[in-house]
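Asks: Below is protein.cif; it holds mmCIF, C-alpha atoms.
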```
data_data
#
loop_
_atom_site.label_atom_id
_atom_site.label_comp_id
_atom_site.auth_asym_id
_atom_site.auth_seq_id
_atom_site.Cartn_x
_atom_site.Cartn_y
_atom_site.Cartn_z
CA MET D 294 136.34 101.29 127.59
CA MET D 295 136.75 104.48 125.56
CA THR D 296 139.33 106.88 127.02
CA GLY D 297 138.47 110.48 127.72
CA THR D 298 140.53 111.75 124.80
CA THR D 299 139.05 109.20 122.36
CA ALA D 300 135.51 109.96 123.54
CA GLU D 301 136.10 113.71 123.09
CA ILE D 302 137.48 113.19 119.57
CA VAL D 303 134.47 111.05 118.56
CA LEU D 304 132.06 113.60 120.07
CA ALA D 305 133.85 116.44 118.25
CA LEU D 306 133.64 114.54 114.92
CA MET D 307 129.91 113.92 115.42
CA ALA D 308 129.38 117.60 116.20
CA MET D 309 131.27 118.50 113.01
CA LEU D 310 129.06 116.20 110.94
CA LEU D 311 125.95 117.79 112.42
CA ILE D 312 127.31 121.22 111.52
CA ALA D 313 128.00 120.00 107.97
CA LEU D 314 124.40 118.81 107.60
CA LEU D 315 123.03 122.13 108.85
CA ALA D 316 125.42 124.08 106.61
CA ARG D 317 124.34 122.33 103.39
CA PRO D 318 121.09 124.30 102.86
CA LEU D 319 122.81 127.47 104.07
CA ALA D 320 125.39 127.08 101.30
CA ARG D 321 122.61 127.00 98.69
CA ILE D 322 121.00 130.13 100.14
CA SER D 323 124.27 132.07 100.45
CA ARG D 324 125.59 130.76 97.08
CA LEU D 325 128.93 130.12 98.71
CA PRO D 326 130.75 126.87 97.88
CA PHE D 327 129.82 124.29 100.53
CA ALA D 328 133.49 123.70 101.41
CA ALA D 329 134.07 127.46 101.82
CA LEU D 330 131.16 127.71 104.24
CA LEU D 331 132.50 124.75 106.27
CA VAL D 332 135.91 126.43 106.57
CA LEU D 333 134.24 129.68 107.62
CA ILE D 334 132.08 127.94 110.23
CA GLY D 335 135.05 126.00 111.61
CA PHE D 336 137.22 129.12 111.83
CA VAL D 337 134.60 131.39 113.43
CA GLY D 338 133.46 128.66 115.82
CA SER D 339 136.97 127.85 117.00
CA GLU D 340 137.84 131.55 117.46
CA ILE D 341 134.73 132.06 119.60
CA VAL D 342 135.55 129.00 121.73
CA VAL D 343 139.17 130.10 122.25
CA ARG D 344 138.25 133.71 123.07
CA LEU D 345 135.75 132.49 125.65
CA GLY D 346 138.59 130.61 127.34
CA GLY D 347 137.65 127.17 125.96
CA ASP D 348 139.64 124.53 124.10
CA THR D 349 138.57 123.04 120.76
CA GLY D 350 140.48 119.83 121.55
CA VAL D 351 142.04 119.86 118.08
CA ARG D 352 145.74 118.92 118.06
CA ALA D 353 147.84 118.93 114.89
CA GLN D 354 149.85 115.91 116.03
CA LEU D 355 146.67 113.77 116.05
CA PHE D 356 145.88 114.39 112.38
CA HIS D 357 148.40 112.29 110.44
CA ASP D 358 146.99 108.80 110.89
CA LEU D 359 143.36 109.96 110.83
CA VAL D 360 143.81 111.92 107.61
CA PHE D 361 146.20 109.59 105.80
CA TYR D 362 144.76 106.19 106.69
CA VAL D 363 141.06 107.00 107.12
CA PHE D 364 140.15 109.96 104.88
CA LEU D 365 142.51 109.63 101.91
CA PRO D 366 141.56 106.07 100.86
CA VAL D 367 137.90 107.09 100.81
CA LEU D 368 138.49 110.23 98.72
CA ILE D 369 140.71 108.52 96.15
CA PHE D 370 138.58 105.37 95.80
CA GLU D 371 135.32 107.31 95.45
CA SER D 372 136.75 109.55 92.72
CA ALA D 373 138.04 106.55 90.76
CA LEU D 374 134.80 104.61 91.27
CA ASN D 375 132.65 107.29 89.65
CA ILE D 376 134.79 108.37 86.72
CA ASP D 377 133.73 107.26 83.22
CA GLY D 378 136.31 104.57 82.43
CA ARG D 379 135.72 104.59 78.65
CA LEU D 380 136.16 108.34 78.29
CA LEU D 381 139.18 108.18 80.59
CA LEU D 382 140.81 105.48 78.47
CA LYS D 383 140.14 107.47 75.29
CA ASN D 384 141.86 110.53 76.78
CA LEU D 385 144.43 108.67 78.88
CA GLY D 386 147.44 110.06 77.00
CA ALA D 387 146.41 113.66 77.61
CA VAL D 388 145.44 112.89 81.22
CA LEU D 389 148.80 111.27 82.03
CA ILE D 390 150.73 114.16 80.49
CA LEU D 391 148.70 116.58 82.63
CA ALA D 392 149.02 114.43 85.74
CA ILE D 393 152.66 113.35 85.75
CA PRO D 394 155.21 115.47 83.82
CA ILE D 395 153.18 118.66 84.15
CA LEU D 396 152.71 117.98 87.87
CA LEU D 397 156.45 117.43 88.34
CA VAL D 398 157.21 120.67 86.52
CA SER D 399 154.53 122.42 88.59
CA THR D 400 156.11 121.10 91.80
CA LEU D 401 159.55 122.40 90.78
CA ILE D 402 158.28 125.82 89.70
CA THR D 403 156.05 126.29 92.76
CA GLY D 404 158.79 125.05 95.10
CA ALA D 405 161.41 127.35 93.55
CA LEU D 406 159.15 130.42 93.68
CA VAL D 407 158.25 129.70 97.32
CA TYR D 408 161.91 129.07 98.25
CA TYR D 409 163.24 132.27 96.69
CA GLY D 410 160.16 134.25 97.74
CA ILE D 411 160.55 133.36 101.41
CA ALA D 412 164.34 133.63 101.09
CA HIS D 413 165.18 131.98 104.42
CA PRO D 414 167.38 128.94 103.65
CA THR D 415 167.87 128.11 107.33
CA GLY D 416 164.27 128.29 108.48
CA PHE D 417 162.78 127.20 105.16
CA PRO D 418 165.25 125.00 103.23
CA TRP D 419 164.87 123.46 99.77
CA ILE D 420 163.25 120.30 101.11
CA ALA D 421 160.52 122.42 102.75
CA ALA D 422 159.94 124.26 99.47
CA MET D 423 159.69 121.00 97.50
CA LEU D 424 157.26 119.56 100.07
CA THR D 425 155.18 122.70 99.61
CA GLY D 426 155.33 122.39 95.83
CA ALA D 427 154.24 118.73 95.97
CA LEU D 428 151.21 119.22 98.22
CA LEU D 429 150.12 122.34 96.31
CA SER D 430 150.26 120.47 92.99
CA ALA D 431 147.36 118.15 93.90
CA THR D 432 144.21 119.46 92.19
CA ASP D 433 140.63 118.99 93.36
CA PRO D 434 138.08 120.10 90.74
CA VAL D 435 134.99 118.52 92.37
CA ALA D 436 132.98 121.75 92.35
CA VAL D 437 134.25 122.62 88.85
CA VAL D 438 133.18 119.26 87.42
CA SER D 439 129.74 119.61 89.00
CA LEU D 440 129.32 123.08 87.51
CA ALA D 441 130.65 121.87 84.14
CA ARG D 442 128.00 119.16 83.99
CA GLU D 443 125.24 121.57 85.02
CA SER D 444 126.32 124.13 82.40
CA GLY D 445 126.45 121.56 79.60
CA ALA D 446 130.23 121.81 79.04
CA PRO D 447 131.77 119.15 76.72
CA ALA D 448 132.07 115.70 78.33
CA ARG D 449 135.73 115.52 77.31
CA LEU D 450 136.51 118.64 79.34
CA THR D 451 135.02 117.17 82.51
CA THR D 452 136.89 113.91 81.86
CA LEU D 453 140.17 115.81 81.52
CA LEU D 454 139.50 117.65 84.78
CA GLU D 455 138.51 114.48 86.65
CA GLY D 456 141.19 112.27 85.13
CA GLU D 457 143.95 114.80 85.68
CA SER D 458 142.90 115.26 89.30
CA LEU D 459 142.72 111.51 89.94
CA PHE D 460 146.20 110.63 88.63
CA ASN D 461 147.56 114.02 89.65
CA ASP D 462 146.58 113.37 93.28
CA ALA D 463 148.23 109.94 93.22
CA THR D 464 151.44 111.35 91.72
CA ALA D 465 151.52 114.28 94.16
CA ILE D 466 151.01 112.01 97.17
CA VAL D 467 153.74 109.57 96.06
CA LEU D 468 156.13 112.47 95.51
CA PHE D 469 155.11 114.07 98.82
CA SER D 470 155.73 110.77 100.66
CA ILE D 471 159.25 110.46 99.21
CA LEU D 472 160.11 114.08 100.03
CA LEU D 473 158.64 113.75 103.52
CA GLY D 474 160.86 110.72 104.15
CA LEU D 475 163.89 112.82 103.17
CA ALA D 476 162.73 115.69 105.40
CA VAL D 477 162.24 113.44 108.44
CA HIS D 478 165.54 111.60 107.82
CA PRO D 479 167.83 114.32 106.42
CA ALA D 480 170.96 112.16 106.85
CA GLU D 481 169.77 109.88 104.03
CA VAL D 482 171.19 111.04 100.69
CA VAL D 483 169.08 110.04 97.67
CA GLY D 484 170.29 110.80 94.17
CA ILE D 485 168.05 111.63 91.21
CA GLY D 486 168.37 108.09 89.81
CA ALA D 487 167.55 106.43 93.13
CA GLY D 488 164.70 108.86 93.74
CA THR D 489 163.22 108.17 90.30
CA LEU D 490 163.49 104.42 90.87
CA GLN D 491 161.79 104.76 94.26
CA PHE D 492 159.01 106.79 92.64
CA LEU D 493 158.47 104.17 89.92
CA ILE D 494 158.48 101.30 92.43
CA MET D 495 155.93 103.03 94.66
CA PHE D 496 153.78 104.01 91.69
CA GLY D 497 154.00 100.63 89.93
CA GLY D 498 153.73 98.58 93.12
CA GLY D 499 150.58 100.41 94.19
CA THR D 500 149.09 99.94 90.71
CA LEU D 501 149.74 96.19 90.83
CA VAL D 502 148.25 95.84 94.32
CA GLY D 503 145.15 97.78 93.25
CA LEU D 504 144.63 95.63 90.16
CA LEU D 505 145.03 92.34 92.05
CA VAL D 506 142.79 93.35 94.96
CA GLY D 507 140.33 94.78 92.44
CA MET D 508 140.01 91.46 90.59
CA VAL D 509 139.50 89.57 93.86
CA THR D 510 136.95 92.16 94.98
CA VAL D 511 134.94 91.90 91.76
CA PHE D 512 134.91 88.10 92.14
CA PHE D 513 133.37 88.40 95.62
CA LEU D 514 130.95 91.12 94.53
CA ARG D 515 129.64 88.79 91.82
CA MET D 516 129.03 86.10 94.45
CA THR D 517 126.37 88.11 96.27
CA GLY D 518 123.54 90.47 95.45
CA GLU D 519 122.95 91.59 99.03
CA GLU D 520 123.76 95.30 99.18
CA THR D 521 124.98 95.37 102.79
CA ILE D 522 127.50 92.61 102.12
CA ARG D 523 128.64 94.28 98.88
CA GLY D 524 129.23 97.52 100.79
CA LEU D 525 131.20 95.67 103.47
CA ILE D 526 133.29 93.88 100.82
CA SER D 527 134.19 97.24 99.24
CA ILE D 528 135.21 98.73 102.61
CA ILE D 529 137.44 95.74 103.38
CA ALA D 530 138.97 95.94 99.89
CA VAL D 531 139.75 99.68 100.03
CA TYR D 532 141.49 99.70 103.38
CA SER D 533 143.20 96.33 102.81
CA ALA D 534 144.66 97.48 99.47
CA PHE D 535 145.73 100.84 100.87
CA ILE D 536 147.42 99.50 104.02
CA LEU D 537 148.91 96.42 102.29
CA ALA D 538 150.59 98.65 99.71
CA GLU D 539 151.55 101.50 102.03
CA LYS D 540 152.69 99.73 105.19
CA HIS D 541 153.76 96.24 104.12
CA LEU D 542 155.03 96.55 100.54
CA HIS D 543 156.32 100.17 100.74
CA ALA D 544 154.34 101.00 97.62
CA SER D 545 151.73 103.70 97.04
CA GLY D 546 148.50 103.09 98.91
CA VAL D 547 146.92 105.90 96.92
CA MET D 548 147.68 104.20 93.59
CA ALA D 549 146.30 100.96 95.04
CA ALA D 550 143.04 102.70 96.00
CA LEU D 551 142.91 104.44 92.62
CA MET D 552 143.31 101.27 90.53
CA LEU D 553 140.93 99.39 92.81
CA GLY D 554 138.34 102.12 92.24
CA LEU D 555 138.74 101.92 88.45
CA VAL D 556 138.36 98.12 88.43
CA VAL D 557 135.37 98.07 90.80
CA GLY D 558 133.84 101.08 89.04
CA ARG D 559 133.67 99.20 85.76
CA HIS D 560 131.88 96.32 87.47
CA VAL D 561 129.45 98.71 89.21
CA ARG D 562 128.47 100.41 85.96
CA GLU D 563 127.86 97.06 84.24
CA LYS D 564 126.28 94.97 87.03
CA ASP D 565 125.00 97.20 89.85
CA ALA D 566 121.55 98.25 88.68
CA THR D 567 120.70 99.89 92.02
CA ARG D 568 123.97 101.90 92.10
CA PHE D 569 124.12 101.11 95.82
CA LEU D 570 127.94 101.13 95.95
CA GLY D 571 128.09 104.46 94.15
CA HIS D 572 125.66 106.06 96.60
CA PHE D 573 127.38 104.46 99.59
CA TRP D 574 130.81 105.79 98.63
CA SER D 575 129.41 109.20 97.71
CA LEU D 576 128.13 109.46 101.27
CA SER D 577 131.49 108.32 102.64
CA ALA D 578 133.32 110.91 100.53
CA PHE D 579 130.90 113.61 101.68
CA VAL D 580 131.72 112.77 105.30
CA ALA D 581 135.48 112.75 104.67
CA ASN D 582 135.38 116.03 102.74
CA ALA D 583 133.16 117.74 105.30
CA LEU D 584 135.39 116.74 108.21
CA LEU D 585 138.54 117.81 106.35
CA PHE D 586 137.26 121.30 105.57
CA LEU D 587 135.85 121.76 109.06
CA LEU D 588 139.20 120.64 110.51
CA MET D 589 140.90 123.18 108.28
CA GLY D 590 138.61 125.92 109.60
CA VAL D 591 139.24 124.91 113.21
CA THR D 592 143.01 124.70 112.60
CA ILE D 593 143.30 128.11 110.92
CA THR D 594 144.25 130.86 113.34
CA LEU D 595 144.50 134.62 113.03
CA ASP D 596 148.23 134.24 113.76
CA MET D 597 148.62 132.47 110.41
CA PHE D 598 147.32 135.52 108.56
CA GLU D 599 149.24 137.94 110.76
CA HIS D 600 152.61 136.17 110.59
CA ARG D 601 152.43 134.11 107.38
CA TRP D 602 150.39 136.33 105.05
CA LEU D 603 153.36 136.99 102.78
CA ALA D 604 154.19 133.28 102.56
CA MET D 605 150.53 132.63 101.65
CA LEU D 606 150.65 135.23 98.87
CA ILE D 607 153.90 133.77 97.55
CA GLY D 608 152.27 130.31 97.53
CA ILE D 609 149.22 131.57 95.62
CA VAL D 610 151.38 133.34 93.01
CA GLY D 611 153.62 130.27 92.72
CA VAL D 612 150.67 127.92 92.17
CA LEU D 613 149.08 130.15 89.51
CA ALA D 614 152.39 130.71 87.70
CA ALA D 615 153.23 126.99 87.68
CA ARG D 616 149.71 126.11 86.51
CA ALA D 617 149.92 128.65 83.68
CA VAL D 618 153.25 127.22 82.48
CA GLY D 619 151.92 123.67 82.66
CA ILE D 620 148.64 124.30 80.87
CA PHE D 621 149.49 126.93 78.27
CA ILE D 622 153.05 125.87 77.41
CA LEU D 623 153.29 122.12 78.09
CA THR D 624 149.85 120.88 77.00
CA PRO D 625 150.86 120.83 73.28
CA ALA D 626 152.60 117.56 74.22
CA ALA D 627 149.23 116.23 75.39
CA THR D 628 147.60 117.44 72.19
CA ARG D 629 150.10 115.46 70.08
CA LEU D 630 149.05 112.30 71.90
CA THR D 631 145.41 112.92 71.00
CA PRO D 632 145.57 114.64 67.57
CA ASP D 633 141.95 113.75 66.82
CA ALA D 634 140.78 115.75 69.84
CA PRO D 635 143.12 118.69 70.51
CA ILE D 636 142.83 120.78 73.64
CA ASP D 637 141.62 124.19 72.47
CA PHE D 638 142.29 127.51 74.18
CA SER D 639 138.92 127.62 75.98
CA SER D 640 139.54 124.20 77.48
CA LYS D 641 143.02 125.28 78.53
CA ALA D 642 141.53 128.32 80.27
CA VAL D 643 139.12 126.09 82.22
CA LEU D 644 141.92 123.64 83.06
CA PHE D 645 144.02 126.55 84.32
CA TRP D 646 141.40 128.24 86.51
CA GLY D 647 139.69 124.94 87.36
CA GLY D 648 142.88 123.37 88.70
CA GLN D 649 141.80 124.20 92.21
CA ARG D 650 143.24 122.98 95.49
CA GLY D 651 141.07 121.22 98.03
CA ALA D 652 140.74 117.99 100.00
CA VAL D 653 144.02 116.28 99.06
CA THR D 654 146.10 119.42 99.62
CA LEU D 655 144.38 119.78 102.99
CA ALA D 656 144.93 116.13 103.84
CA LEU D 657 148.66 116.36 103.11
CA ALA D 658 149.01 119.66 104.99
CA LEU D 659 147.19 118.30 108.03
CA SER D 660 149.31 115.13 107.97
CA LEU D 661 152.64 116.99 108.29
CA PRO D 662 154.59 115.79 111.35
CA THR D 663 154.98 118.57 113.90
CA GLU D 664 158.63 117.67 114.57
CA LEU D 665 159.53 119.45 111.32
CA ASP D 666 160.51 123.01 112.25
CA TYR D 667 158.75 124.47 109.22
CA TRP D 668 155.50 122.43 109.36
CA TRP D 669 153.43 125.44 110.43
CA THR D 670 154.72 127.60 107.57
CA ILE D 671 153.90 124.90 104.98
CA GLN D 672 150.47 124.35 106.52
CA SER D 673 149.80 128.11 106.52
CA ILE D 674 150.74 128.35 102.82
CA ALA D 675 148.51 125.37 101.99
CA PHE D 676 145.59 126.87 103.90
CA GLY D 677 146.11 130.23 102.18
CA VAL D 678 146.03 128.60 98.73
CA VAL D 679 142.90 126.58 99.57
CA VAL D 680 141.18 129.71 100.93
CA PHE D 681 142.01 131.45 97.61
CA THR D 682 140.51 128.49 95.74
CA LEU D 683 137.32 128.48 97.81
CA PHE D 684 136.64 132.20 97.91
CA VAL D 685 138.08 133.40 94.57
CA GLN D 686 138.45 130.59 92.01
CA ALA D 687 135.38 128.50 92.88
CA PRO D 688 132.83 131.37 92.79
CA THR D 689 134.15 132.69 89.44
CA ILE D 690 134.67 129.45 87.48
CA GLY D 691 130.97 129.40 86.49
CA LEU D 692 131.41 132.51 84.32
CA LEU D 693 134.27 130.85 82.45
CA LEU D 694 132.27 127.65 81.92
CA LYS D 695 129.39 129.64 80.42
CA ARG D 696 131.77 131.13 77.87
CA VAL D 697 133.10 127.68 77.00
CA ARG D 698 129.56 126.36 76.50
CA LYS D 699 128.72 129.26 74.17
CA SER D 700 131.85 128.72 72.09
CA ALA D 701 131.39 124.90 71.94
#
```
Have the structure of the file written as structure tokens, please.

Replies:
Amino acid sequence: MMTGTTAEIVLALMAMLLIALLARPLARISRLPFAALLVLIGFVGSEIVVRLGGDTGVRAQLFHDLVFYVFLPVLIFESALNIDGRLLLKNLGAVLILAIPILLVSTLITGALVYYGIAHPTGFPWIAAMLTGALLSATDPVAVVSLARESGAPARLTTLLEGESLFNDATAIVLFSILLGLAVHPAEVVGIGAGTLQFLIMFGGGTLVGLLVGMVTVFFLRMTGEETIRGLISIIAVYSAFILAEKHLHASGVMAALMLGLVVGRHVREKDATRFLGHFWSLSAFVANALLFLLMGVTITLDMFEHRWLAMLIGIVGVLAARAVGIFILTPAATRLTPDAPIDFSSKAVLFWGGQRGAVTLALALSLPTELDYWWTIQSIAFGVVVFTLFVQAPTIGLLLKRVRKSA
């Protein structure tokens, strides 16, 4: 029998999905990004409920497992499933430079600016700043890519945005997981060499798991043409790969889901004439994204803006500064790897302003354990940066894309 708490959570999730469906046409009419409208609805709705003496039922301590083990695998797998593998492979050198070394530099710069900006070593130590830098380094250019395609921007630009985000998210989550382990167990001392080795093991182990599960999955997909069974096979594969890597092999579940998505995506493009799996996982990702942004809106409080507004501003400045350094100073390294297709200034401008923060940053912020003294400050900063993305960057990126199309 379903307990009262479980029943209330399920009912709340269903109510959120209904709100998301009703908000979709409203977003088109208002010309606000859909995610921005969801956050606004969640925030206003929760404030009304609280001021009327009610309780939204949302508890931060309930988020970790739901977000990390239910939402994240869906978001990562769906992104990898739909990316153009051939274009990704052609630009892989540039993508990996953007997604790994530039992300690490971005994490350090953002973390340092946040640490010295807040200037409270006791209440907000270095490990808190690095956790903040890691979760803020995960980009989510879904809306940008959609606009880029609609505006006729070069295919390579959209591939760079998608590819960077895909591998960038995986790298950020692996780094975040390592730093979170150090934050929860501060007595453990990990040197740079040991930390790098742990990163490589998690990254490589997850990649291997994803490839192996992907090959087995494709074998079973070829055995049947029944769409329902193919959908069920893909669900089993995604969660099995993620949990096998994350919980049993101490590798990266995100990398496992990513590589699985790339392997299955190639099969889908070649053999799935109906594109059933693509549509099925697009729906799943829509649900996960909608619930994440609504949860963000419900979780945001006026106290965050009253007491953490300066920390939010510091986070926004830190993210923009780190992104500028990464894109305008470090991308020449990426250009050397692809000399036949250099990244011009217009593309760099789109990569800079289009490196927005969204679902993965939210997922990591919502998954922070509440026993960390500074969890609320990090979450407030993350929410502030995502709000800036939704209400400033997202509405203005279209103008930049039009300029790129004219100059192409």

Asks: Restricting the calculation to only C-alpha atoms, which member of D:Leu661, D:Ala534, D:Val678, D:Ile393 is positioned closest to Ile607 in chain D?

Replies: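 Closest residue, counting only C-alpha atoms: D:Val678.
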
Asks: What would the selection look like, as a list in words, if the PyMOL selection byres ((chain D and resi 388) around 9) were run on the coordinates I just shared?

Replies: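 Output from the PyMOL selection byres ((chain D and resi 388) around 9), applied to this file: Leu381, Asn384, Leu385, Gly386, Ala387, Leu389, Ile390, Leu391, Ala392, Ile393, Thr452, Leu453, Leu454, Glu455, Gly456, Glu457, Ser458, Phe460, Asn461 and Ala627 of chain D.
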
Asks: List the spatial neighbours of Val547 in chain D as a PyMOL selection string - criterion: any atom at most 8 Å away, all atoms listed in the file, same-chain residues fewer than 5 positions off excluded.

Replies: chain D and resi 365-366+369+463+466-467+499+535

Asks: Export, as a short mmCIF file (atom, residue, chain, number, x, y, z; two decimals), in the frame of the given file, the selected residues with C-alpha atoms.

Replies:
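As a result, part.cif now contains:
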```
data_model
loop_
_atom_site.label_atom_id
_atom_site.label_comp_id
_atom_site.auth_asym_id
_atom_site.auth_seq_id
_atom_site.Cartn_x
_atom_site.Cartn_y
_atom_site.Cartn_z
CA LEU D 365 142.51 109.63 101.91
CA PRO D 366 141.56 106.07 100.86
CA ILE D 369 140.71 108.52 96.15
CA ALA D 463 148.23 109.94 93.22
CA ILE D 466 151.01 112.01 97.17
CA VAL D 467 153.74 109.57 96.06
CA GLY D 499 150.58 100.41 94.19
CA PHE D 535 145.73 100.84 100.87
#
```

Asks: Near range 619-625 of chain D, counting all atoms listed in the file, which residues have an atom at most 12 Å away, once you skip same-chain residues fewer than 3 positions from it, shown as a PDB file with C-alpha atoms, keeping the file's coordinate frame?

Replies:
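For reference, selection06.pdb as written:
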```pdb
ATOM      1  CA  GLY D 386     147.440 110.060  77.000  1.00  0.00           C
ATOM      2  CA  ALA D 387     146.410 113.660  77.610  1.00  0.00           C
ATOM      3  CA  VAL D 388     145.440 112.890  81.220  1.00  0.00           C
ATOM      4  CA  LEU D 389     148.800 111.270  82.030  1.00  0.00           C
ATOM      5  CA  ILE D 390     150.730 114.160  80.490  1.00  0.00           C
ATOM      6  CA  LEU D 391     148.700 116.580  82.630  1.00  0.00           C
ATOM      7  CA  ALA D 392     149.020 114.430  85.740  1.00  0.00           C
ATOM      8  CA  ILE D 393     152.660 113.350  85.750  1.00  0.00           C
ATOM      9  CA  PRO D 394     155.210 115.470  83.820  1.00  0.00           C
ATOM     10  CA  ILE D 395     153.180 118.660  84.150  1.00  0.00           C
ATOM     11  CA  LEU D 396     152.710 117.980  87.870  1.00  0.00           C
ATOM     12  CA  LEU D 397     156.450 117.430  88.340  1.00  0.00           C
ATOM     13  CA  VAL D 398     157.210 120.670  86.520  1.00  0.00           C
ATOM     14  CA  SER D 399     154.530 122.420  88.590  1.00  0.00           C
ATOM     15  CA  THR D 400     156.110 121.100  91.800  1.00  0.00           C
ATOM     16  CA  LEU D 401     159.550 122.400  90.780  1.00  0.00           C
ATOM     17  CA  ILE D 402     158.280 125.820  89.700  1.00  0.00           C
ATOM     18  CA  THR D 403     156.050 126.290  92.760  1.00  0.00           C
ATOM     19  CA  SER D 430     150.260 120.470  92.990  1.00  0.00           C
ATOM     20  CA  LEU D 453     140.170 115.810  81.520  1.00  0.00           C
ATOM     21  CA  LEU D 454     139.500 117.650  84.780  1.00  0.00           C
ATOM     22  CA  GLU D 457     143.950 114.800  85.680  1.00  0.00           C
ATOM     23  CA  VAL D 612     150.670 127.920  92.170  1.00  0.00           C
ATOM     24  CA  LEU D 613     149.080 130.150  89.510  1.00  0.00           C
ATOM     25  CA  ALA D 614     152.390 130.710  87.700  1.00  0.00           C
ATOM     26  CA  ALA D 615     153.230 126.990  87.680  1.00  0.00           C
ATOM     27  CA  ARG D 616     149.710 126.110  86.510  1.00  0.00           C
ATOM     28  CA  THR D 628     147.600 117.440  72.190  1.00  0.00           C
ATOM     29  CA  ARG D 629     150.100 115.460  70.080  1.00  0.00           C
ATOM     30  CA  LEU D 630     149.050 112.300  71.900  1.00  0.00           C
ATOM     31  CA  THR D 631     145.410 112.920  71.000  1.00  0.00           C
ATOM     32  CA  PRO D 632     145.570 114.640  67.570  1.00  0.00           C
ATOM     33  CA  ALA D 634     140.780 115.750  69.840  1.00  0.00           C
ATOM     34  CA  PRO D 635     143.120 118.690  70.510  1.00  0.00           C
ATOM     35  CA  ILE D 636     142.830 120.780  73.640  1.00  0.00           C
ATOM     36  CA  ASP D 637     141.620 124.190  72.470  1.00  0.00           C
ATOM     37  CA  PHE D 638     142.290 127.510  74.180  1.00  0.00           C
ATOM     38  CA  SER D 639     138.920 127.620  75.980  1.00  0.00           C
ATOM     39  CA  SER D 640     139.540 124.200  77.480  1.00  0.00           C
ATOM     40  CA  LYS D 641     143.020 125.280  78.530  1.00  0.00           C
ATOM     41  CA  ALA D 642     141.530 128.320  80.270  1.00  0.00           C
ATOM     42  CA  VAL D 643     139.120 126.090  82.220  1.00  0.00           C
ATOM     43  CA  LEU D 644     141.920 123.640  83.060  1.00  0.00           C
ATOM     44  CA  PHE D 645     144.020 126.550  84.320  1.00  0.00           C
ATOM     45  CA  TRP D 646     141.400 128.240  86.510  1.00  0.00           C
ATOM     46  CA  GLY D 647     139.690 124.940  87.360  1.00  0.00           C
ATOM     47  CA  GLY D 648     142.880 123.370  88.700  1.00  0.00           C
TER      48      GLY D 648
END
```

Asks: When the PyMOL selection byres ((chain D and resi 412-428) around 9) is applied to the file above, which residues end up in the set, as a count of residues only?

Replies: 46

Asks: For the file shown, report as a PyMOL selection string the outcome of the PyMOL selection byres ((chain D and resi 332) around 12) at residue level.

Replies: chain D and resi 309+312-313+316+320+325-331+333-339+582-594+651-652+655+676-677+679-684

Asks: What would the file look like if the residues just selected were written as an mmCIF file, in the coordinates of the input with C-alpha atoms?

Replies:
```
data_model
loop_
_atom_site.group_PDB
_atom_site.id
_atom_site.type_symbol
_atom_site.label_atom_id
_atom_site.label_comp_id
_atom_site.auth_asym_id
_atom_site.auth_seq_id
_atom_site.Cartn_x
_atom_site.Cartn_y
_atom_site.Cartn_z
ATOM 1 C CA MET D 309 131.270 118.500 113.010
ATOM 2 C CA ILE D 312 127.310 121.220 111.520
ATOM 3 C CA ALA D 313 128.000 120.000 107.970
ATOM 4 C CA ALA D 316 125.420 124.080 106.610
ATOM 5 C CA ALA D 320 125.390 127.080 101.300
ATOM 6 C CA LEU D 325 128.930 130.120 98.710
ATOM 7 C CA PRO D 326 130.750 126.870 97.880
ATOM 8 C CA PHE D 327 129.820 124.290 100.530
ATOM 9 C CA ALA D 328 133.490 123.700 101.410
ATOM 10 C CA ALA D 329 134.070 127.460 101.820
ATOM 11 C CA LEU D 330 131.160 127.710 104.240
ATOM 12 C CA LEU D 331 132.500 124.750 106.270
ATOM 13 C CA LEU D 333 134.240 129.680 107.620
ATOM 14 C CA ILE D 334 132.080 127.940 110.230
ATOM 15 C CA GLY D 335 135.050 126.000 111.610
ATOM 16 C CA PHE D 336 137.220 129.120 111.830
ATOM 17 C CA VAL D 337 134.600 131.390 113.430
ATOM 18 C CA GLY D 338 133.460 128.660 115.820
ATOM 19 C CA SER D 339 136.970 127.850 117.000
ATOM 20 C CA ASN D 582 135.380 116.030 102.740
ATOM 21 C CA ALA D 583 133.160 117.740 105.300
ATOM 22 C CA LEU D 584 135.390 116.740 108.210
ATOM 23 C CA LEU D 585 138.540 117.810 106.350
ATOM 24 C CA PHE D 586 137.260 121.300 105.570
ATOM 25 C CA LEU D 587 135.850 121.760 109.060
ATOM 26 C CA LEU D 588 139.200 120.640 110.510
ATOM 27 C CA MET D 589 140.900 123.180 108.280
ATOM 28 C CA GLY D 590 138.610 125.920 109.600
ATOM 29 C CA VAL D 591 139.240 124.910 113.210
ATOM 30 C CA THR D 592 143.010 124.700 112.600
ATOM 31 C CA ILE D 593 143.300 128.110 110.920
ATOM 32 C CA THR D 594 144.250 130.860 113.340
ATOM 33 C CA GLY D 651 141.070 121.220 98.030
ATOM 34 C CA ALA D 652 140.740 117.990 100.000
ATOM 35 C CA LEU D 655 144.380 119.780 102.990
ATOM 36 C CA PHE D 676 145.590 126.870 103.900
ATOM 37 C CA GLY D 677 146.110 130.230 102.180
ATOM 38 C CA VAL D 679 142.900 126.580 99.570
ATOM 39 C CA VAL D 680 141.180 129.710 100.930
ATOM 40 C CA PHE D 681 142.010 131.450 97.610
ATOM 41 C CA THR D 682 140.510 128.490 95.740
ATOM 42 C CA LEU D 683 137.320 128.480 97.810
ATOM 43 C CA PHE D 684 136.640 132.200 97.910
#
```

Asks: Excluding Ala373 in chain D and its own-chain neighbours fewer than 4 positions away, which residues fall within 6 Å of it when counting all atoms listed in the file? Please give them as a ChimeraX atom specification.

Replies: /D:551,554-555

Asks: Next, dump the selected residues to file, keeping only C-alpha atoms, as a compact mmCIF listing (two decimals), in the frame of the given file.

Replies:
```txt
# COMPACT_ATOMS: atom_id res chain seq x y z
CA LEU D 551 142.91 104.44 92.62
CA GLY D 554 138.34 102.12 92.24
CA LEU D 555 138.74 101.92 88.45
```
